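The block underneath contains the structure these notes are about, expressed in C-alpha cells.
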Amino acid sequence: MADALDPVLNDIDRDLDNSLERLFAWLRIPSISTDSAYAGHCREAAQWLEGNLTALGFATSVEETSLHPVVLAHRPKPGAPHVLFYGHYDVQPVDPENLWKTPPFEPRIDETDGTKRIVARGASDDKGQVMTFVEACRAHLAMTGDLPVGVTILIEGAEENGSQGLPEWVEANRDRLKADVVLVCDTGMWDRETPQITTSLRGLAYYEVKVTCADRDLHSGFFGGAAANPIHVLSRIIADLHDADGRVTLPGFYDGVREPPPELLEQWRGLGLTPEKFLGPIGLKQPAGERGRLPIELIQSRPACDVNGIIGGYTGEGTKTVIASQASAKVSFRLVDDQDPEQLSKTFEAFVRERVPADCSVDVVCYKGSRAVALPYDMPQLAAAQEALSAEWGRAAVAVGAGGSIPIVGDFKRILGLDTLLIGFGLDDDRIHSPNEKYELTSFHKGTRSWARILSALAKA
C-alpha cells in the first residue's frame with residue numbers, strides 16, 4: 001500500500017501552496033449562518049464548493065433546506081466500499097471584531113514564533129478541516145485517475161445554527177446517502193503529535209425546573225420559618241441528585257451503561273491524563289463525579305448530571321429581606337451507551353415532584369434530547385483508520401470518546417443506520433468560535449496526507 005500511495009502523498013506535498021490558495025479563497029467568503037444578513041454569503045460558499053468538486057469529477061448539486069443550502073457530491077466506485085463524508089461550510093460570528101489582529105475574512109499565514117498557522121474565521125471550524133478531505137481526493141484523482149473507494153460528500157451550511165433543516169433533509173434523501181460508513185473531520189488531535197479517532201459522543205437531556213410556593217414575594221421577617229421557600233425546595237432537589245460518592249441517584253439512571261473493555265481502560269491509563277493535568281489549567285485539583293474513576297472516564301464514557309444555572313430571589317446590590325415566590329434551575333444530563341432520554345425525562349420529573357411540598361407547584365420543561373452514539377470496538381473501518389493515522393503521524397492513533405454531543409452524528413445512525421468515524425486535526429488552542437481562530441499548517445498538510453492514507457486503507461477494510 002505504501003508504494004501505491006507514494007505518488008499521492010508526494011503530490012500533496014508538491015501542491016501544498018495551491019491547496020492553501022484554494023482554502024484561502026473559501027475562507028474569504030463570510031458564511032455566517034446565524035445572521036440572516038449573511039445568507040447570500042452562505043449560498044456563495046456553497047456554490048464555491050460545488051464548483052470545486054464538480055471540477056474534480058464529482059456529480060455535484062446545491063440543494064435547499066429550511067435554512068441554508070447543502071452541497072451534495074457523488075463519485076461512485078462500483079464494487080468498492082462507499083463512504084459518506086460530512087462537514088460544514090458555515091462559520092461563527094466574528095464578534096468582538098476589535099480583538100482580531102487582522103480582518104477575520106482575510107486569511108493569512110502567521111509565523112510569529114516559528115510555527116506556521118492559518119489565521120481566519122473558519123480556518124479550523126470547519127473549512128480547513130473539510131478541505132483536508134477534498135485535497136486528499138484531489139491528489140488521488142490527479143495521480144491515479146480514480147478514488148480508492150466510492151465517495152459521497154455532504155457539506156451543510158447551518159451547523160453553527162443547530163443544523164436547522166438538515167435532519168429533515170437527510171430523512172427525505174436517505175436513498176441518496178447510502179454508504180458503509182460516515183467520515184467527519186470536525187474534531188481534534190489528542191495532542192500536537194498524536195492523532196485521535198473519536199469513538200463515542202455523549203448524548204444530552206436538558207431540563208428547566210421552576211418551583212412556585214407563595215403567590216407573591218414575602219417579607220422574611222413576617223413569614224420566615226413558616227412559609228415554604230422555593231429556593232430551599234429547589235436546593236434540596238439539586239442536592240439529592242448525587243450521593244456522597246458522586247453517583248447520580250435517579251432510579252435506573254445507570255441502566256444501559258456499559259463498562260469499557262479492560263484492554264481499552266488500560267490504554268486510557270497509558271495516556272497519562274491525571275487529575276492534575278486535566279484540572280490544573282482551570283485552577284482545580286480534585287475530580288468531582290463518581291469516586292474511583294479516571295478523569296477520562298468521567299468526561300467520555302460515564303454519564304453525568306450538572307446544574308447549569310439557578311435563578312431565584314433578590315440578587316441585586318445590598319440587602320432585601322425577601323422570600324421569593326419562585327425559583328428555577330436548568331439541569332443537564334450527559335448520556336452514554338444505551339441510556340434513553342425519553343425514559344430519563346419520566347424518571348427525572350417524578351424525582352422532582354416527589355420533593356415538592358403539597359401546597360407548592362413545579363413545572364418541568366424538557367428540551368430536545370439526543371442519544372449517545374458509540375462505535376463497535378471491533379469495527380474493521382476503525383482499525384483501518386487507526387493504522388493509516390499511525391503510519392502518517394508516527395504514533396499510535398488514540399481511540400477515545402468525547403464528552404460533548406454532535407446531534408447530526410446521532411441522526412446518521414438513527415436515519416441511515418450508519419456508524420461515524422470522527423477524525424479531526426484541530427488543536428485545543430485553535431480558538432474556534434473566538435477571535436484569531438487558527439489552524440496550524442501541519443494540521444492542514446498532514447491532515448490531507450492522513451485522509452489520503454485512510455481512503456486507501458478503507459478500500460481494504
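Chain lettering (A, B, ...) mirrors the order of the C-alpha cells, residue numbering begins at 1 for each chain separately, and ligand numbering begins at 1 in order of display.
Look at segment 16-24 of chain A: the protein and nucleic acid residues within 10 Å of it, using only C-alpha atoms and passing over chain neighbours fewer than 4 places away, are Asp11, Ile12, Arg28, Ile29, Asn52, Phe105, Glu106, Pro107, Arg108, Ile109, Ile118, Val119, Ala120, Ala123, Lys127, Gly128, Gln129, Val130, Met131, Thr132, Val134, Glu135, Arg138, Leu441, Phe444, His445 and Thr448 of chain A.
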>> Can you tell me which residues surround Pro261 of chain A at a distance of at most 12 Å, considering only C-alpha atoms, apart from same-chain residues fewer than 2 positions away, and format the answer as a VMD selection string?
In response: chain A and resid 258 to 259 263 to 268 301 376 to 378
>> With only C-alpha atoms as the counted atoms, please give the residues lying no more than 10 Å from segment 361-369 of chain A, apart from itself and same-chain residues fewer than 2 positions off, as an MDAnalysis selection string.
In response: chainID A and resid 203:214 230 234 326:335 340:342 344:346 348:350 352:353 355:359 371:372 407
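Closest approach to Leu418 of chain A from the set A:Gly40, A:Thr319, A:Asp180, A:Ala388 is made by A:Asp180, with distances taken over only C-alpha atoms.
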>> Let's see if you can do this: from backbone DSSP, list all strand (DSSP E or B) residues in segment 221-439 of chain A, as a ChimeraX atom specification.
In response: /A:242,248,304-312,322-323,326-335,361-366,370,373-374,398-402,420-423,426,438-439
> How far is it from atom CA of Lys178 of chain A to atom CA of Leu382 of chain A, in Å with one decimal?
Replying inline: 18.8 Å
>> Which residues are close to Pro295 of chain A, i.e. within 12 Å by only C-alpha atoms, leaving aside same-chain residues fewer than 3 positions away? Reply as a list of chain:residue names.
In response: A:Leu265, A:Trp268, A:Arg269, A:Leu271, A:Gly272, A:Leu273, A:Thr274, A:Pro275, A:Glu276, A:Lys277, A:Phe278, A:Leu279, A:Lys285, A:Gln286, A:Pro287, A:Ala288, A:Gly289, A:Glu290, A:Arg291, A:Gly292, A:Leu298, A:Ile299, A:Gln300, A:Ser301, A:Arg302, A:Gly403
May I have the selected residues written with N, CA and C atoms, as a PDB file, in the first residue's frame?
```pdb
ATOM      1  N   LEU A 265      -9.464   0.271  28.780  1.00  0.00           N
ATOM      2  CA  LEU A 265      -9.228   1.027  30.003  1.00  0.00           C
ATOM      3  C   LEU A 265      -7.731   1.160  30.279  1.00  0.00           C
ATOM      4  N   TRP A 268      -6.319   3.825  28.068  1.00  0.00           N
ATOM      5  CA  TRP A 268      -6.634   5.159  28.584  1.00  0.00           C
ATOM      6  C   TRP A 268      -5.701   5.524  29.742  1.00  0.00           C
ATOM      7  N   ARG A 269      -5.402   4.564  30.602  1.00  0.00           N
ATOM      8  CA  ARG A 269      -4.475   4.845  31.702  1.00  0.00           C
ATOM      9  C   ARG A 269      -3.122   5.273  31.155  1.00  0.00           C
ATOM     10  N   LEU A 271      -2.478   7.031  28.685  1.00  0.00           N
ATOM     11  CA  LEU A 271      -2.467   8.384  28.129  1.00  0.00           C
ATOM     12  C   LEU A 271      -1.995   9.419  29.148  1.00  0.00           C
ATOM     13  N   GLY A 272      -1.992   9.046  30.420  1.00  0.00           N
ATOM     14  CA  GLY A 272      -1.448   9.951  31.436  1.00  0.00           C
ATOM     15  C   GLY A 272      -2.286  11.170  31.734  1.00  0.00           C
ATOM     16  N   LEU A 273      -3.602  11.094  31.504  1.00  0.00           N
ATOM     17  CA  LEU A 273      -4.464  12.244  31.797  1.00  0.00           C
ATOM     18  C   LEU A 273      -4.826  12.209  33.282  1.00  0.00           C
ATOM     19  N   THR A 274      -3.925  12.717  34.109  1.00  0.00           N
ATOM     20  CA  THR A 274      -4.149  12.742  35.553  1.00  0.00           C
ATOM     21  C   THR A 274      -5.078  13.884  35.930  1.00  0.00           C
ATOM     22  N   PRO A 275      -5.652  13.835  37.139  1.00  0.00           N
ATOM     23  CA  PRO A 275      -6.466  14.974  37.580  1.00  0.00           C
ATOM     24  C   PRO A 275      -5.696  16.287  37.548  1.00  0.00           C
ATOM     25  N   GLU A 276      -4.406  16.228  37.886  1.00  0.00           N
ATOM     26  CA  GLU A 276      -3.596  17.451  37.892  1.00  0.00           C
ATOM     27  C   GLU A 276      -3.457  18.021  36.487  1.00  0.00           C
ATOM     28  N   LYS A 277      -3.206  17.147  35.501  1.00  0.00           N
ATOM     29  CA  LYS A 277      -3.042  17.621  34.125  1.00  0.00           C
ATOM     30  C   LYS A 277      -4.348  18.151  33.547  1.00  0.00           C
ATOM     31  N   PHE A 278      -5.451  17.480  33.879  1.00  0.00           N
ATOM     32  CA  PHE A 278      -6.728  17.871  33.296  1.00  0.00           C
ATOM     33  C   PHE A 278      -7.325  19.090  33.991  1.00  0.00           C
ATOM     34  N   LEU A 279      -7.280  19.097  35.323  1.00  0.00           N
ATOM     35  CA  LEU A 279      -7.950  20.147  36.080  1.00  0.00           C
ATOM     36  C   LEU A 279      -7.043  21.313  36.451  1.00  0.00           C
ATOM     37  N   LYS A 285      -8.027  20.839  41.425  1.00  0.00           N
ATOM     38  CA  LYS A 285      -7.127  19.714  41.690  1.00  0.00           C
ATOM     39  C   LYS A 285      -7.864  18.392  41.857  1.00  0.00           C
ATOM     40  N   GLN A 286      -9.025  18.433  42.503  1.00  0.00           N
ATOM     41  CA  GLN A 286      -9.731  17.210  42.861  1.00  0.00           C
ATOM     42  C   GLN A 286     -10.864  16.936  41.872  1.00  0.00           C
ATOM     43  N   PRO A 287     -10.897  15.723  41.295  1.00  0.00           N
ATOM     44  CA  PRO A 287     -12.001  15.416  40.384  1.00  0.00           C
ATOM     45  C   PRO A 287     -13.312  15.266  41.141  1.00  0.00           C
ATOM     46  N   ALA A 288     -14.394  15.742  40.542  1.00  0.00           N
ATOM     47  CA  ALA A 288     -15.727  15.507  41.078  1.00  0.00           C
ATOM     48  C   ALA A 288     -16.282  14.257  40.390  1.00  0.00           C
ATOM     49  N   GLY A 289     -17.588  14.069  40.442  1.00  0.00           N
ATOM     50  CA  GLY A 289     -18.147  12.914  39.774  1.00  0.00           C
ATOM     51  C   GLY A 289     -17.932  11.633  40.556  1.00  0.00           C
ATOM     52  N   GLU A 290     -18.105  10.513  39.883  1.00  0.00           N
ATOM     53  CA  GLU A 290     -18.045   9.209  40.544  1.00  0.00           C
ATOM     54  C   GLU A 290     -16.661   8.928  41.116  1.00  0.00           C
ATOM     55  N   ARG A 291     -16.625   8.596  42.371  1.00  0.00           N
ATOM     56  CA  ARG A 291     -15.365   8.324  43.046  1.00  0.00           C
ATOM     57  C   ARG A 291     -14.722   7.060  42.473  1.00  0.00           C
ATOM     58  N   GLY A 292     -13.383   7.121  42.304  1.00  0.00           N
ATOM     59  CA  GLY A 292     -12.647   5.955  41.845  1.00  0.00           C
ATOM     60  C   GLY A 292     -12.530   5.835  40.336  1.00  0.00           C
ATOM     61  N   LEU A 298     -14.672   9.925  33.332  1.00  0.00           N
ATOM     62  CA  LEU A 298     -15.694  10.861  33.784  1.00  0.00           C
ATOM     63  C   LEU A 298     -16.176  11.781  32.668  1.00  0.00           C
ATOM     64  N   ILE A 299     -15.321  12.071  31.694  1.00  0.00           N
ATOM     65  CA  ILE A 299     -15.704  13.025  30.649  1.00  0.00           C
ATOM     66  C   ILE A 299     -16.099  12.365  29.342  1.00  0.00           C
ATOM     67  N   GLN A 300     -15.974  11.032  29.235  1.00  0.00           N
ATOM     68  CA  GLN A 300     -16.327  10.451  27.949  1.00  0.00           C
ATOM     69  C   GLN A 300     -17.148   9.178  28.036  1.00  0.00           C
ATOM     70  N   SER A 301     -16.901   8.294  29.004  1.00  0.00           N
ATOM     71  CA  SER A 301     -17.599   7.009  28.993  1.00  0.00           C
ATOM     72  C   SER A 301     -18.576   6.842  30.143  1.00  0.00           C
ATOM     73  N   ARG A 302     -18.687   7.839  31.024  1.00  0.00           N
ATOM     74  CA  ARG A 302     -19.640   7.790  32.118  1.00  0.00           C
ATOM     75  C   ARG A 302     -20.665   8.909  31.952  1.00  0.00           C
ATOM     76  N   GLY A 403     -16.820  14.123  25.333  1.00  0.00           N
ATOM     77  CA  GLY A 403     -17.850  14.417  26.322  1.00  0.00           C
ATOM     78  C   GLY A 403     -19.039  15.161  25.770  1.00  0.00           C
TER      79      GLY A 403
END
```
Report as a JSON list (two decimals) with C-alpha atoms, in the first residue's frame all protein, DNA and RNA residues lying within 6 Å of Gly150 of chain A, evaluated on only C-alpha atoms, omitting residues in the same chain fewer than 3 positions from it.
```json
[["chain", "number", "residue", "atom", "x", "y", "z"],
["A", 75, "ARG", "CA", -18.36, 9.83, -7.14],
["A", 76, "PRO", "CA", -19.30, 6.14, -7.03],
["A", 77, "LYS", "CA", -16.90, 3.22, -7.46],
["A", 82, "HIS", "CA", -18.53, 3.62, -0.16]]
```
>> Can you tell me which residues surround Leu166 of chain A at a distance of at most 12 Å, considering only C-alpha atoms, apart from same-chain residues fewer than 4 positions away, and format the answer as a ChimeraX atom specification?
In response: /A:63-71,86-88,154-162,170-174,407-409,411-412,415
Convert the current residue selection to file output with C-alpha atoms, as a JSON list (two decimals), in the first residue's frame.
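Printed below is selection-v4.json as written:
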```
[["chain", "number", "residue", "atom", "x", "y", "z"],
["A", 63, "GLU", "CA", -29.82, 21.73, -2.58],
["A", 64, "GLU", "CA", -32.26, 23.66, -0.41],
["A", 65, "THR", "CA", -33.09, 23.10, 3.25],
["A", 66, "SER", "CA", -35.29, 25.15, 5.58],
["A", 67, "LEU", "CA", -32.30, 27.42, 6.24],
["A", 68, "HIS", "CA", -29.09, 27.40, 4.19],
["A", 69, "PRO", "CA", -28.37, 25.02, 1.29],
["A", 70, "VAL", "CA", -26.34, 21.83, 1.44],
["A", 71, "VAL", "CA", -23.72, 20.72, -1.06],
["A", 86, "TYR", "CA", -19.82, 15.20, 6.27],
["A", 87, "GLY", "CA", -18.70, 18.71, 7.21],
["A", 88, "HIS", "CA", -19.98, 22.29, 7.24],
["A", 154, "LEU", "CA", -22.41, 16.20, 2.22],
["A", 155, "ILE", "CA", -21.48, 19.71, 3.42],
["A", 156, "GLU", "CA", -24.12, 21.72, 5.25],
["A", 157, "GLY", "CA", -24.45, 25.43, 5.95],
["A", 158, "ALA", "CA", -26.20, 25.60, 9.32],
["A", 159, "GLU", "CA", -24.12, 23.54, 11.74],
["A", 160, "GLU", "CA", -23.39, 26.62, 13.84],
["A", 161, "ASN", "CA", -27.15, 27.21, 13.94],
["A", 162, "GLY", "CA", -28.02, 23.77, 15.29],
["A", 170, "VAL", "CA", -31.31, 13.63, 5.38],
["A", 171, "GLU", "CA", -34.59, 11.81, 6.06],
["A", 172, "ALA", "CA", -36.00, 12.91, 2.69],
["A", 173, "ASN", "CA", -32.79, 11.95, 0.84],
["A", 174, "ARG", "CA", -31.79, 8.77, 2.64],
["A", 407, "PRO", "CA", -26.60, 15.64, 17.18],
["A", 408, "ILE", "CA", -26.23, 15.03, 13.42],
["A", 409, "VAL", "CA", -23.99, 12.01, 14.16],
["A", 411, "ASP", "CA", -29.18, 11.36, 13.17],
["A", 412, "PHE", "CA", -26.88, 9.49, 10.77],
["A", 415, "ILE", "CA", -31.92, 7.68, 9.95]]
```
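The space separating atom CA of Asp337 of chain A from atom CA of Val257 of chain A comes to 5.5 Å.
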Looking only at alpha helix (DSSP H) from DSSP on the backbone, list the matching residues of segment 45-262 of chain A as a PDB file with C-alpha atoms, in the first residue's frame.
```
ATOM      1  CA  ALA A  45     -19.777  29.460  -0.047  1.00  0.00           C
ATOM      2  CA  ALA A  46     -21.935  26.509  -1.093  1.00  0.00           C
ATOM      3  CA  GLN A  47     -21.632  27.428  -4.753  1.00  0.00           C
ATOM      4  CA  TRP A  48     -17.859  27.848  -4.458  1.00  0.00           C
ATOM      5  CA  LEU A  49     -17.546  24.311  -3.118  1.00  0.00           C
ATOM      6  CA  GLU A  50     -19.939  22.978  -5.742  1.00  0.00           C
ATOM      7  CA  GLY A  51     -17.689  24.352  -8.480  1.00  0.00           C
ATOM      8  CA  ASN A  52     -14.573  22.976  -6.821  1.00  0.00           C
ATOM      9  CA  LEU A  53     -15.984  19.457  -6.509  1.00  0.00           C
ATOM     10  CA  THR A  54     -17.503  19.474  -9.981  1.00  0.00           C
ATOM     11  CA  ALA A  55     -14.072  20.304 -11.394  1.00  0.00           C
ATOM     12  CA  LYS A 127     -13.499  24.864   6.250  1.00  0.00           C
ATOM     13  CA  GLY A 128      -9.847  23.974   6.838  1.00  0.00           C
ATOM     14  CA  GLN A 129     -10.812  20.529   8.078  1.00  0.00           C
ATOM     15  CA  VAL A 130     -13.209  19.899   5.174  1.00  0.00           C
ATOM     16  CA  MET A 131     -10.532  20.870   2.675  1.00  0.00           C
ATOM     17  CA  THR A 132      -8.101  18.282   4.045  1.00  0.00           C
ATOM     18  CA  PHE A 133     -10.509  15.629   2.749  1.00  0.00           C
ATOM     19  CA  VAL A 134     -11.206  17.419  -0.543  1.00  0.00           C
ATOM     20  CA  GLU A 135      -7.488  17.894  -1.207  1.00  0.00           C
ATOM     21  CA  ALA A 136      -6.813  14.212  -0.443  1.00  0.00           C
ATOM     22  CA  CYS A 137      -9.418  13.288  -3.056  1.00  0.00           C
ATOM     23  CA  ARG A 138      -7.788  15.746  -5.474  1.00  0.00           C
ATOM     24  CA  ALA A 139      -4.382  14.090  -5.051  1.00  0.00           C
ATOM     25  CA  HIS A 140      -5.747  10.574  -5.579  1.00  0.00           C
ATOM     26  CA  LEU A 141      -7.560  11.694  -8.728  1.00  0.00           C
ATOM     27  CA  ALA A 142      -4.515  13.577 -10.036  1.00  0.00           C
ATOM     28  CA  MET A 143      -2.160  10.622  -9.592  1.00  0.00           C
ATOM     29  CA  THR A 144      -4.414   7.617 -10.262  1.00  0.00           C
ATOM     30  CA  LEU A 166     -30.537  19.050   7.988  1.00  0.00           C
ATOM     31  CA  PRO A 167     -32.140  16.039   9.749  1.00  0.00           C
ATOM     32  CA  GLU A 168     -35.294  16.552   7.700  1.00  0.00           C
ATOM     33  CA  TRP A 169     -33.234  16.811   4.512  1.00  0.00           C
ATOM     34  CA  VAL A 170     -31.312  13.635   5.385  1.00  0.00           C
ATOM     35  CA  GLU A 171     -34.592  11.814   6.059  1.00  0.00           C
ATOM     36  CA  ALA A 172     -36.001  12.907   2.686  1.00  0.00           C
ATOM     37  CA  SER A 220     -38.821  37.239  55.521  1.00  0.00           C
ATOM     38  CA  GLY A 221     -39.406  38.872  58.897  1.00  0.00           C
ATOM     39  CA  PHE A 222     -43.138  38.164  58.765  1.00  0.00           C
ATOM     40  CA  PHE A 223     -43.065  34.763  57.054  1.00  0.00           C
ATOM     41  CA  PRO A 230     -38.857  27.747  46.756  1.00  0.00           C
ATOM     42  CA  ILE A 231     -35.091  28.263  46.813  1.00  0.00           C
ATOM     43  CA  HIS A 232     -34.860  25.791  49.701  1.00  0.00           C
ATOM     44  CA  VAL A 233     -37.107  23.323  47.864  1.00  0.00           C
ATOM     45  CA  LEU A 234     -35.059  23.628  44.708  1.00  0.00           C
ATOM     46  CA  SER A 235     -31.793  23.304  46.630  1.00  0.00           C
ATOM     47  CA  ARG A 236     -32.977  20.045  48.153  1.00  0.00           C
ATOM     48  CA  ILE A 237     -33.880  18.671  44.724  1.00  0.00           C
ATOM     49  CA  ILE A 238     -30.437  19.590  43.397  1.00  0.00           C
ATOM     50  CA  ALA A 239     -28.606  18.204  46.428  1.00  0.00           C
ATOM     51  CA  PRO A 262     -10.166  -3.919  30.257  1.00  0.00           C
TER      52      PRO A 262
END
```
>> Ranking A:Asn98, A:Ser434, A:Asn229, A:Asn10 by minimum distance to Arg121 of chain A and counting only C-alpha atoms, which one comes first?
In response: A:Ser434
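The closest residue to Arg117 of chain A, picked from A:Lys446, A:Arg453, A:His41, A:Glu437 and counting only C-alpha atoms, is A:Glu437.
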>> Which residues are close to Pro93 of chain A, i.e. within 8 Å by only C-alpha atoms, leaving aside same-chain residues fewer than 5 positions away? Reply as a ChimeraX atom specification.
In response: /A:32,34-35,433
